[in-house]
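Content type mmCIF, C-alpha atoms, from the file input27.cif:
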data_input
#
loop_
_atom_site.group_PDB
_atom_site.id
_atom_site.type_symbol
_atom_site.label_atom_id
_atom_site.label_comp_id
_atom_site.auth_asym_id
_atom_site.auth_seq_id
_atom_site.Cartn_x
_atom_site.Cartn_y
_atom_site.Cartn_z
ATOM 1 C CA MET A 27 -22.478 -47.238 -0.782
ATOM 2 C CA ALA A 28 -26.087 -47.032 -1.803
ATOM 3 C CA THR A 29 -26.851 -47.221 -5.498
ATOM 4 C CA TYR A 30 -28.473 -44.390 -7.405
ATOM 5 C CA ASN A 31 -31.810 -45.400 -8.873
ATOM 6 C CA LYS A 32 -33.376 -43.135 -11.469
ATOM 7 C CA PHE A 33 -37.061 -42.421 -11.817
ATOM 8 C CA ASN A 34 -37.861 -42.758 -15.522
ATOM 9 C CA ALA A 35 -39.841 -39.526 -15.685
ATOM 10 C CA PHE A 36 -36.894 -37.504 -14.409
ATOM 11 C CA VAL A 37 -35.143 -37.380 -17.777
ATOM 12 C CA GLU A 38 -38.329 -36.211 -19.480
ATOM 13 C CA HIS A 39 -38.848 -33.572 -16.828
ATOM 14 C CA LEU A 40 -35.274 -32.413 -17.381
ATOM 15 C CA ALA A 41 -35.735 -32.144 -21.133
ATOM 16 C CA GLU A 42 -39.038 -30.321 -20.801
ATOM 17 C CA GLY A 43 -37.829 -27.642 -18.414
ATOM 18 C CA VAL A 44 -39.524 -28.810 -15.243
ATOM 19 C CA HIS A 45 -36.292 -28.522 -13.250
ATOM 20 C CA ASN A 46 -33.868 -25.625 -12.900
ATOM 21 C CA PHE A 47 -31.008 -26.754 -10.682
ATOM 22 C CA SER A 48 -29.034 -23.520 -11.008
ATOM 23 C CA SER A 49 -28.977 -22.799 -7.279
ATOM 24 C CA ASP A 50 -31.060 -22.946 -4.113
ATOM 25 C CA SER A 51 -33.014 -19.992 -5.451
ATOM 26 C CA THR A 52 -34.398 -22.021 -8.350
ATOM 27 C CA CYS A 53 -34.850 -25.493 -6.882
ATOM 28 C CA THR A 54 -35.399 -27.223 -3.559
ATOM 29 C CA PRO A 55 -33.995 -30.739 -3.568
ATOM 30 C CA THR A 56 -35.726 -32.502 -0.708
ATOM 31 C CA VAL A 57 -35.578 -35.942 0.843
ATOM 32 C CA ALA A 58 -38.625 -38.151 1.227
ATOM 33 C CA LEU A 59 -38.520 -41.417 3.159
ATOM 34 C CA THR A 60 -40.510 -44.550 2.559
ATOM 35 C CA ALA A 61 -40.845 -47.752 4.525
ATOM 36 C CA ALA A 62 -39.650 -51.168 3.384
ATOM 37 C CA ALA A 63 -43.199 -52.091 2.431
ATOM 38 C CA ASN A 64 -43.537 -49.034 0.198
ATOM 39 C CA ALA A 65 -40.570 -49.302 -2.137
ATOM 40 C CA PRO A 66 -40.301 -46.712 -4.898
ATOM 41 C CA VAL A 67 -40.344 -48.004 -8.465
ATOM 42 C CA ALA A 68 -38.854 -46.461 -11.579
ATOM 43 C CA THR A 69 -42.263 -45.646 -12.996
ATOM 44 C CA ASN A 70 -43.149 -43.358 -10.088
ATOM 45 C CA SER A 71 -43.134 -39.771 -11.307
ATOM 46 C CA VAL A 72 -44.131 -37.337 -8.573
ATOM 47 C CA LEU A 73 -44.107 -37.286 -4.796
ATOM 48 C CA ALA A 74 -47.804 -38.083 -4.649
ATOM 49 C CA ASP A 75 -47.005 -41.490 -6.172
ATOM 50 C CA LEU A 76 -45.133 -42.469 -3.003
ATOM 51 C CA THR A 77 -46.314 -43.534 0.430
ATOM 52 C CA GLN A 78 -44.108 -41.610 2.821
ATOM 53 C CA ILE A 79 -43.471 -42.231 6.482
ATOM 54 C CA ALA A 80 -44.614 -39.739 9.115
ATOM 55 C CA TYR A 81 -41.845 -37.203 9.713
ATOM 56 C CA THR A 82 -42.604 -36.530 13.359
ATOM 57 C CA ASN A 83 -39.402 -35.849 15.328
ATOM 58 C CA LEU A 84 -37.269 -35.626 12.172
ATOM 59 C CA SER A 85 -35.060 -32.672 11.278
ATOM 60 C CA ALA A 86 -35.328 -30.665 8.050
ATOM 61 C CA ARG A 87 -35.152 -32.643 4.815
ATOM 62 C CA VAL A 88 -34.090 -29.893 2.422
ATOM 63 C CA ILE A 89 -30.752 -30.324 0.629
ATOM 64 C CA THR A 90 -28.449 -27.438 -0.288
ATOM 65 C CA VAL A 91 -27.138 -27.081 -3.834
ATOM 66 C CA SER A 92 -23.390 -26.529 -3.862
ATOM 67 C CA SER A 93 -22.674 -26.518 -7.576
ATOM 68 C CA SER A 94 -24.551 -26.819 -10.835
ATOM 69 C CA SER A 95 -22.048 -26.726 -13.647
ATOM 70 C CA GLN A 96 -20.422 -28.545 -16.518
ATOM 71 C CA THR A 97 -16.801 -29.335 -17.247
ATOM 72 C CA SER A 98 -15.765 -30.499 -20.711
ATOM 73 C CA GLY A 99 -19.374 -31.164 -21.562
ATOM 74 C CA THR A 100 -20.259 -33.208 -18.502
ATOM 75 C CA TYR A 101 -22.786 -31.613 -16.179
ATOM 76 C CA ARG A 102 -22.889 -32.480 -12.489
ATOM 77 C CA LEU A 103 -25.252 -31.432 -9.743
ATOM 78 C CA ILE A 104 -23.260 -31.247 -6.521
ATOM 79 C CA LEU A 105 -25.281 -31.308 -3.311
ATOM 80 C CA VAL A 106 -24.249 -30.662 0.257
ATOM 81 C CA ASP A 107 -24.573 -33.709 2.487
ATOM 82 C CA LEU A 108 -27.676 -33.857 4.650
ATOM 83 C CA THR A 109 -27.911 -34.996 8.246
ATOM 84 C CA LEU A 110 -31.257 -36.410 9.316
ATOM 85 C CA THR A 111 -31.622 -36.251 13.088
ATOM 86 C CA ALA A 112 -34.350 -37.565 15.391
ATOM 87 C CA SER A 113 -35.198 -35.110 18.136
ATOM 88 C CA GLY A 114 -37.862 -35.470 20.787
ATOM 89 C CA GLY A 115 -38.464 -39.129 20.052
ATOM 90 C CA ALA A 116 -37.902 -41.830 17.476
ATOM 91 C CA VAL A 117 -38.712 -41.424 13.788
ATOM 92 C CA ALA A 118 -40.793 -43.988 11.978
ATOM 93 C CA ALA A 119 -38.791 -46.791 10.369
ATOM 94 C CA PHE A 120 -37.747 -46.271 6.770
ATOM 95 C CA ARG A 121 -35.627 -48.031 4.157
ATOM 96 C CA TYR A 122 -35.711 -45.908 1.030
ATOM 97 C CA VAL A 123 -34.365 -42.366 0.652
ATOM 98 C CA VAL A 124 -35.977 -40.499 -2.228
ATOM 99 C CA VAL A 125 -34.836 -37.151 -3.626
ATOM 100 C CA TYR A 126 -37.382 -34.889 -5.281
ATOM 101 C CA ASN A 127 -37.591 -31.251 -6.277
ATOM 102 C CA ASP A 128 -40.065 -29.384 -4.101
ATOM 103 C CA ASP A 129 -40.211 -26.276 -6.308
ATOM 104 C CA PRO A 130 -42.000 -27.235 -9.529
ATOM 105 C CA THR A 131 -45.784 -27.040 -9.530
ATOM 106 C CA SER A 132 -46.549 -28.631 -12.896
ATOM 107 C CA PRO A 133 -46.009 -31.440 -12.329
ATOM 108 C CA ALA A 134 -45.841 -30.893 -8.577
ATOM 109 C CA ASP A 135 -42.862 -32.262 -6.678
ATOM 110 C CA PRO A 136 -41.231 -34.283 -9.466
ATOM 111 C CA LEU A 137 -39.085 -37.206 -8.360
ATOM 112 C CA ILE A 138 -35.364 -37.390 -9.171
ATOM 113 C CA CYS A 139 -33.900 -40.583 -7.744
ATOM 114 C CA TRP A 140 -33.885 -42.950 -4.801
ATOM 115 C CA PHE A 141 -31.460 -44.961 -2.710
ATOM 116 C CA ASP A 142 -32.025 -48.254 -0.916
ATOM 117 C CA TYR A 143 -30.536 -48.422 2.592
ATOM 118 C CA GLY A 144 -30.773 -52.206 2.360
ATOM 119 C CA ALA A 145 -32.845 -52.728 5.483
ATOM 120 C CA ALA A 146 -35.356 -50.880 7.600
ATOM 121 C CA LEU A 147 -33.769 -48.200 9.755
ATOM 122 C CA THR A 148 -35.130 -46.488 12.829
ATOM 123 C CA LEU A 149 -33.598 -43.275 14.145
ATOM 124 C CA ASN A 150 -34.052 -43.117 17.887
ATOM 125 C CA ASP A 151 -34.112 -39.851 19.814
ATOM 126 C CA GLY A 152 -30.765 -38.088 19.321
ATOM 127 C CA GLU A 153 -29.542 -40.370 16.551
ATOM 128 C CA SER A 154 -28.527 -39.090 13.123
ATOM 129 C CA LEU A 155 -28.071 -40.450 9.631
ATOM 130 C CA LEU A 156 -25.623 -38.686 7.323
ATOM 131 C CA LEU A 157 -26.603 -38.738 3.656
ATOM 132 C CA ASP A 158 -23.351 -38.386 1.689
ATOM 133 C CA PHE A 159 -24.225 -37.248 -1.824
ATOM 134 C CA ASP A 160 -20.633 -37.407 -3.073
ATOM 135 C CA GLY A 161 -19.065 -34.013 -3.545
ATOM 136 C CA THR A 162 -17.164 -34.902 -6.682
ATOM 137 C CA ASN A 163 -19.423 -37.106 -8.767
ATOM 138 C CA GLY A 164 -22.538 -35.233 -7.778
ATOM 139 C CA LEU A 165 -26.053 -36.507 -7.270
ATOM 140 C CA PHE A 166 -26.155 -37.167 -10.994
ATOM 141 C CA SER A 167 -24.311 -36.236 -14.151
ATOM 142 C CA ILE A 168 -25.426 -35.522 -17.708
ATOM 143 C CA THR A 169 -23.128 -36.214 -20.618
ATOM 144 C CA MET B 27 -14.836 -11.983 4.271
ATOM 145 C CA THR B 28 -14.818 -15.116 6.371
ATOM 146 C CA ILE B 29 -16.281 -18.432 5.245
ATOM 147 C CA GLN B 30 -19.181 -17.781 7.600
ATOM 148 C CA ASP B 31 -19.735 -14.353 6.003
ATOM 149 C CA LEU B 32 -19.735 -15.901 2.542
ATOM 150 C CA GLU B 33 -22.174 -18.608 3.573
ATOM 151 C CA GLN B 34 -24.488 -15.966 5.039
ATOM 152 C CA ALA B 35 -24.122 -13.901 1.856
ATOM 153 C CA ARG B 36 -25.113 -16.977 -0.153
ATOM 154 C CA LYS B 37 -28.178 -17.543 1.996
ATOM 155 C CA ASP B 38 -29.117 -13.867 1.734
ATOM 156 C CA ALA B 39 -28.734 -13.937 -2.049
ATOM 157 C CA VAL B 40 -30.933 -17.034 -2.290
ATOM 158 C CA ALA B 41 -33.601 -15.410 -0.128
ATOM 159 C CA LYS B 42 -33.485 -12.227 -2.221
ATOM 160 C CA ALA B 43 -33.840 -14.179 -5.464
ATOM 161 C CA ARG B 44 -36.693 -16.222 -4.033
ATOM 162 C CA ALA B 45 -38.489 -13.024 -3.072
ATOM 163 C CA SER B 46 -37.909 -11.076 -6.281
ATOM 164 C CA GLY B 47 -37.913 -13.829 -8.872
ATOM 165 C CA LEU B 48 -35.610 -11.661 -10.977
ATOM 166 C CA GLN B 49 -33.148 -13.431 -13.242
ATOM 167 C CA GLU B 50 -30.333 -11.127 -12.150
ATOM 168 C CA ASP B 51 -30.942 -12.094 -8.543
ATOM 169 C CA HIS B 52 -30.916 -15.793 -9.421
ATOM 170 C CA ILE B 53 -27.578 -15.278 -11.166
ATOM 171 C CA ALA B 54 -26.288 -13.449 -8.107
ATOM 172 C CA ALA B 55 -27.395 -16.339 -5.883
ATOM 173 C CA LYS B 56 -25.464 -18.808 -8.008
ATOM 174 C CA GLN B 57 -22.414 -16.556 -8.004
ATOM 175 C CA ALA B 58 -22.584 -16.247 -4.220
ATOM 176 C CA GLY B 59 -22.369 -20.024 -4.011
ATOM 177 C CA LEU B 60 -19.392 -20.053 -6.328
ATOM 178 C CA ALA B 61 -17.688 -17.370 -4.235
ATOM 179 C CA LEU B 62 -18.085 -19.550 -1.146
ATOM 180 C CA ALA B 63 -16.679 -22.561 -2.988
ATOM 181 C CA ALA B 64 -13.725 -20.535 -4.252
ATOM 182 C CA ALA B 65 -12.900 -19.245 -0.768
ATOM 183 C CA ILE B 66 -12.869 -22.774 0.640
ATOM 184 C CA VAL B 67 -10.291 -23.975 -1.893
ATOM 185 C CA ASP B 68 -8.006 -20.954 -1.467
ATOM 186 C CA GLY B 69 -4.473 -22.370 -1.284
ATOM 187 C CA CYS B 70 -5.291 -25.595 -3.110
ATOM 188 C CA LYS B 71 -3.189 -26.781 -5.992
ATOM 189 C CA LEU B 72 -4.875 -27.456 -9.300
ATOM 190 C CA CYS B 73 -6.083 -30.992 -9.883
ATOM 191 C CA GLU B 74 -3.974 -33.146 -12.175
ATOM 192 C CA CYS B 75 -6.681 -32.664 -14.800
ATOM 193 C CA GLY B 76 -6.038 -28.936 -14.656
ATOM 194 C CA ALA B 77 -9.266 -27.972 -12.936
ATOM 195 C CA MET B 78 -9.531 -25.951 -9.760
ATOM 196 C CA PRO B 79 -11.139 -28.153 -7.093
ATOM 197 C CA HIS B 80 -14.554 -27.390 -5.648
ATOM 198 C CA GLY B 81 -15.032 -26.551 -1.977
ATOM 199 C CA MET B 82 -18.063 -27.207 0.189
ATOM 200 C CA LEU B 83 -19.239 -26.767 3.742
ATOM 201 C CA GLN B 84 -20.331 -30.214 4.891
ATOM 202 C CA PRO B 85 -22.020 -31.639 7.986
ATOM 203 C CA PHE B 86 -19.911 -34.129 9.960
ATOM 204 C CA LEU B 87 -21.064 -36.537 12.621
ATOM 205 C CA PHE B 88 -18.956 -36.691 15.781
ATOM 206 C CA GLY B 89 -20.745 -39.258 17.860
ATOM 207 C CA LYS B 90 -24.243 -37.854 18.130
ATOM 208 C CA ASP B 91 -23.139 -34.273 17.467
ATOM 209 C CA VAL B 92 -23.492 -32.714 14.050
ATOM 210 C CA MET B 93 -20.622 -30.358 13.222
ATOM 211 C CA THR B 94 -19.776 -28.362 10.124
ATOM 212 C CA GLY B 95 -16.610 -29.298 8.281
ATOM 213 C CA PHE B 96 -15.149 -28.935 4.821
ATOM 214 C CA GLU B 97 -14.956 -31.037 1.692
ATOM 215 C CA ILE B 98 -12.749 -30.379 -1.311
ATOM 216 C CA GLY B 99 -12.942 -32.390 -4.488
ATOM 217 C CA CYS B 100 -12.560 -32.358 -8.238
ATOM 218 C CA THR B 101 -15.838 -32.328 -10.132
ATOM 219 C CA SER B 102 -14.067 -33.649 -13.236
ATOM 220 C CA CYS B 103 -12.149 -36.599 -11.768
ATOM 221 C CA LYS B 104 -13.917 -39.429 -9.986
ATOM 222 C CA GLY B 105 -12.852 -40.238 -6.461
ATOM 223 C CA LYS B 106 -10.664 -37.231 -5.750
ATOM 224 C CA ARG B 107 -12.227 -35.777 -2.631
ATOM 225 C CA CYS B 108 -11.133 -35.116 0.907
ATOM 226 C CA LYS B 109 -12.804 -33.962 4.105
ATOM 227 C CA ALA B 110 -11.580 -32.326 7.285
ATOM 228 C CA PRO B 111 -13.079 -30.492 10.252
ATOM 229 C CA THR B 112 -11.203 -27.312 9.277
ATOM 230 C CA ARG B 113 -10.711 -25.568 5.951
ATOM 231 C CA GLU B 114 -6.957 -25.586 6.414
ATOM 232 C CA GLY B 115 -7.044 -29.304 7.098
ATOM 233 C CA ALA B 116 -9.056 -29.979 3.971
ATOM 234 C CA VAL B 117 -6.698 -27.854 1.860
ATOM 235 C CA ALA B 118 -3.694 -29.721 3.281
ATOM 236 C CA LYS B 119 -5.274 -33.089 2.494
ATOM 237 C CA TRP B 120 -6.044 -31.961 -1.036
ATOM 238 C CA ASN B 121 -2.532 -30.720 -1.620
ATOM 239 C CA GLU B 122 -1.126 -34.010 -0.267
ATOM 240 C CA ASP B 123 -3.475 -36.196 -2.360
ATOM 241 C CA GLN B 124 -5.088 -37.717 0.714
ATOM 242 C CA TRP B 125 -8.278 -38.836 -0.959
ATOM 243 C CA LEU B 126 -11.290 -40.014 0.925
ATOM 244 C CA SER B 127 -11.774 -43.738 0.528
ATOM 245 C CA LYS B 128 -15.325 -44.838 -0.029
#
Show me this structure written as structure tokens.
Amino acid sequence: MATYNKFNAFVEHLAEGVHNFSSDSTCTPTVALTAAANAPVATNSVLADLTQIAYTNLSARVITVSSSSQTSGTYRLILVDLTLTASGGAVAAFRYVVVYNDDPTSPADPLICWFDYGAALTLNDGESLLLDFDGTNGLFSIT
Amino acid sequence: MTIQDLEQARKDAVAKARASGLQEDHIAAKQAGLALAAAIVDGCKLCECGAMPHGMLQPFLFGKDVMTGFEIGCTSCKGKRCKAPTREGAVAKWNEDQWLSK
């Protein structure tokens, strides 16, 4: 299981109203991919800080929000799993899966978190990678 | 309404809220998602913590094919989640405590 890595700026963005994770109508969690040589670091803040791979032949990278709610004071953002599929050819090799919010404009495309696959991965034509965001613990929780 | 109808209603509500920007439409979009989740867990017992579980439509990989299945889990208790290709199968797994190992 890949480990959740937080971008430091995310908590500030949360506190300052940059994000509204209420539903798909108020946010667009999206996946960005980076190569092994372009690892994200915690001090990255927005998508423009990253060097992404080319997404040629890759399926949509938008994640669906399933639930944004709290129970007994603990908030969880529950996301639907995402399947990345190569179609029409291979997709450029990547290692890191980054989640950002595509909706905000100031700052634009703020980063949320990233996961390390552990090694470079290439999706060949017709191959898929299932990103399991954990339907019970959520992408993240706030206590 | 079927699960497919509810999922389409959720998508429609999201599109309407995106277009209008009205708070009431954003609330309706969130409620449409909750209605879908509630329909998926119809027939589930309450979690031991007392919460109603949460239901989701989830992509599944069968070989190279991507199919849509179901996941049911408790958003209060860690590790209590189950998946199945059908809603009925997911409900049965939930009611029989067949948690997904991970």
- Message: Between B:Glu97, B:Glu50, B:Asp91, B:Asp68, which residue has the minimum interatomic distance to Thr112 of chain B, considering all atoms listed in the file?
- Response: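 Among the listed residues, the smallest separation from Thr112 of chain B belongs to B:Glu97.
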- Message: I need the output of the PyMOL selection byres ((chain A) within 7 of (chain B)) for this file as a VMD selection string; which residues are they?
- Response: chain A and resid 48 to 51 92 97 106 to 109 152 to 154 161 to 163
- Message: Once the PyMOL selection byres ((chain B and resi 111) around 8) is applied to the coordinates I shared, what remains selected? I want it as a PyMOL selection string.
- Response: chain B and resi 86+94-96+109-110+112-113+115-116
- Min atom-atom distance to Cys53 of chain A from the set A:Ser167, A:Ser132, A:Thr148, A:Asn127, counting only C-alpha atoms, belongs to A:Asn127
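Between atom CA of Cys73 of chain B and atom CA of Val117 of chain B the interatomic distance comes to 12.2 Å.
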- Message: Starting from the PyMOL selection byres ((chain B and resi 71) around 6), expand the selection into actual residues of this file and give them as a ChimeraX atom specification.
- Response: /B:70,72,121
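Using all atoms listed in the file for every distance, the candidate list A:Thr90, A:Val57, A:Asp129, A:Gln78 yields A:Thr90 as the residue closest to Leu103 of chain A.
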- Task: Can you work out which one of A:Tyr122, A:Leu105, A:His45, A:Gly115 has the shortest atom-to-atom distance to Asp158 of chain A, counting all atoms listed in the file?
- Result: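 Ranking A:Tyr122, A:Leu105, A:His45, A:Gly115 by distance to Asp158 of chain A, first place goes to A:Leu105.
In this structure, atom CA of Tyr143 of chain A sits 20.1 Å away from atom CA of Thr82 of chain A.
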- Query: Hey, can you check how far atom CA of Ser127 of chain B sits from atom CA of Thr29 of chain A?
  - Reply: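 Computing it gives 16.6 Å between the two atoms.
In terms of minimum interatomic distance to Ile66 of chain B, B:Ile29 ranks closest within B:Met78, B:Ala118, B:Leu126, B:Ile29, counting only C-alpha atoms.
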- Message: Can you tell me which residues surround Ala146 of chain A at a distance of at most 12 Å, considering all atoms listed in the file, apart from same-chain residues fewer than 6 positions away, and format the answer as a PyMOL selection string?
- Response: chain A and resi 59-65+79+117-123
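For the set A:Ile104, A:Ala58, A:Ala134, A:Val91, the residue with the smallest atom-to-atom gap to Val44 of chain A is A:Ala134, counting only C-alpha atoms.
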- Message: Using all atoms listed in the file and a cutoff of 12 Å, can you tell me which residues are near (-33.3, -31.5, -17.0) in the file's coordinates, and write them out as a list in words?
- Response: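 Result, sorted by chain then residue number: Ala35, Phe36, Val37, Glu38, His39, Leu40, Ala41, Glu42, Gly43, Val44, His45, Asn46, Phe47, Ser48, Cys53, Ser94, Tyr101, Arg102, Leu103, Asn127, Pro136, Leu137, Ile138, Phe166, Ser167, Ile168 and Thr169 of chain A.
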- Item | Gly114 of chain A surroundings by only C-alpha atoms, 12 Å radius, close-in-sequence under 4 positions cut, as a list of chain:residue names |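 The residues satisfying every condition are A:Tyr81, A:Thr82, A:Asn83, A:Leu84, A:Ser85, A:Leu149, A:Asn150, A:Asp151, A:Gly152, A:Glu153.
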Can you write out the residues you just picked, keeping C-alpha atoms, as a CSV table (one decimal), in the frame of the given file?
chain,number,residue,atom,x,y,z
A,81,TYR,CA,-41.8,-37.2,9.7
A,82,THR,CA,-42.6,-36.5,13.4
A,83,ASN,CA,-39.4,-35.8,15.3
A,84,LEU,CA,-37.3,-35.6,12.2
A,85,SER,CA,-35.1,-32.7,11.3
A,149,LEU,CA,-33.6,-43.3,14.1
A,150,ASN,CA,-34.1,-43.1,17.9
A,151,ASP,CA,-34.1,-39.9,19.8
A,152,GLY,CA,-30.8,-38.1,19.3
A,153,GLU,CA,-29.5,-40.4,16.6
Segment 75-92 of chain A: axis-aligned bounding box, 6 Å on each side, centre and edge lengths in Å, one decimal, as JSON:
{"center_x": -35.2, "center_y": -35.0, "center_z": 4.6, "size_x": 35.6, "size_y": 29.0, "size_z": 33.5}
Reconstruct segment 88-112 of chain B at the level of N, CA and C atoms, and format the result as a compact mmCIF listing (two decimals), in the frame of the given file.
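What follows is the written file selection06.txt:
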# COMPACT_ATOMS: atom_id res chain seq x y z
N PHE B 88 -19.93 -36.32 14.74
CA PHE B 88 -18.96 -36.69 15.78
C PHE B 88 -19.76 -37.30 16.91
N GLY B 89 -19.84 -38.62 16.93
CA GLY B 89 -20.74 -39.26 17.86
C GLY B 89 -22.17 -38.88 17.49
N LYS B 90 -22.88 -38.29 18.42
CA LYS B 90 -24.24 -37.85 18.13
C LYS B 90 -24.31 -36.37 17.77
N ASP B 91 -23.16 -35.70 17.78
CA ASP B 91 -23.14 -34.27 17.47
C ASP B 91 -22.94 -34.06 15.97
N VAL B 92 -23.66 -33.09 15.46
CA VAL B 92 -23.49 -32.71 14.05
C VAL B 92 -22.67 -31.44 13.99
N MET B 93 -21.52 -31.50 13.34
CA MET B 93 -20.62 -30.36 13.22
C MET B 93 -20.52 -29.98 11.74
N THR B 94 -20.01 -28.78 11.50
CA THR B 94 -19.78 -28.36 10.12
C THR B 94 -18.30 -28.47 9.80
N GLY B 95 -17.99 -29.16 8.72
CA GLY B 95 -16.61 -29.30 8.28
C GLY B 95 -16.48 -28.88 6.83
N PHE B 96 -15.44 -29.37 6.19
CA PHE B 96 -15.15 -28.94 4.82
C PHE B 96 -14.85 -30.14 3.93
N GLU B 97 -15.29 -30.03 2.70
CA GLU B 97 -14.96 -31.04 1.69
C GLU B 97 -14.39 -30.32 0.47
N ILE B 98 -13.35 -30.89 -0.08
CA ILE B 98 -12.75 -30.38 -1.31
C ILE B 98 -12.62 -31.55 -2.28
N GLY B 99 -13.02 -31.32 -3.51
CA GLY B 99 -12.94 -32.39 -4.49
C GLY B 99 -12.90 -31.86 -5.90
N CYS B 100 -12.57 -32.73 -6.82
CA CYS B 100 -12.56 -32.36 -8.24
C CYS B 100 -13.86 -32.84 -8.85
N THR B 101 -14.57 -31.95 -9.52
CA THR B 101 -15.84 -32.33 -10.13
C THR B 101 -15.63 -32.93 -11.53
N SER B 102 -14.36 -33.02 -11.94
CA SER B 102 -14.07 -33.65 -13.24
C SER B 102 -13.53 -35.06 -13.07
N CYS B 103 -12.81 -35.30 -11.97
CA CYS B 103 -12.15 -36.60 -11.77
C CYS B 103 -12.87 -37.39 -10.69
N LYS B 104 -13.22 -38.61 -10.97
CA LYS B 104 -13.92 -39.43 -9.99
C LYS B 104 -13.01 -39.79 -8.82
N GLY B 105 -13.54 -39.71 -7.63
CA GLY B 105 -12.85 -40.24 -6.46
C GLY B 105 -11.86 -39.31 -5.80
N LYS B 106 -11.62 -38.16 -6.38
CA LYS B 106 -10.66 -37.23 -5.75
C LYS B 106 -11.42 -36.26 -4.87
N ARG B 107 -11.54 -36.62 -3.59
CA ARG B 107 -12.23 -35.78 -2.63
C ARG B 107 -11.63 -36.00 -1.27
N CYS B 108 -11.64 -34.98 -0.45
CA CYS B 108 -11.13 -35.12 0.91
C CYS B 108 -11.98 -34.26 1.84
N LYS B 109 -12.02 -34.66 3.10
CA LYS B 109 -12.80 -33.96 4.11
C LYS B 109 -11.95 -33.71 5.33
N ALA B 110 -12.26 -32.63 6.03
CA ALA B 110 -11.58 -32.33 7.28
C ALA B 110 -12.46 -31.39 8.11
N PRO B 111 -12.27 -31.38 9.41
CA PRO B 111 -13.08 -30.49 10.25
C PRO B 111 -12.78 -29.01 10.02
N THR B 112 -11.56 -28.71 9.52
CA THR B 112 -11.20 -27.31 9.28
C THR B 112 -10.90 -27.12 7.79
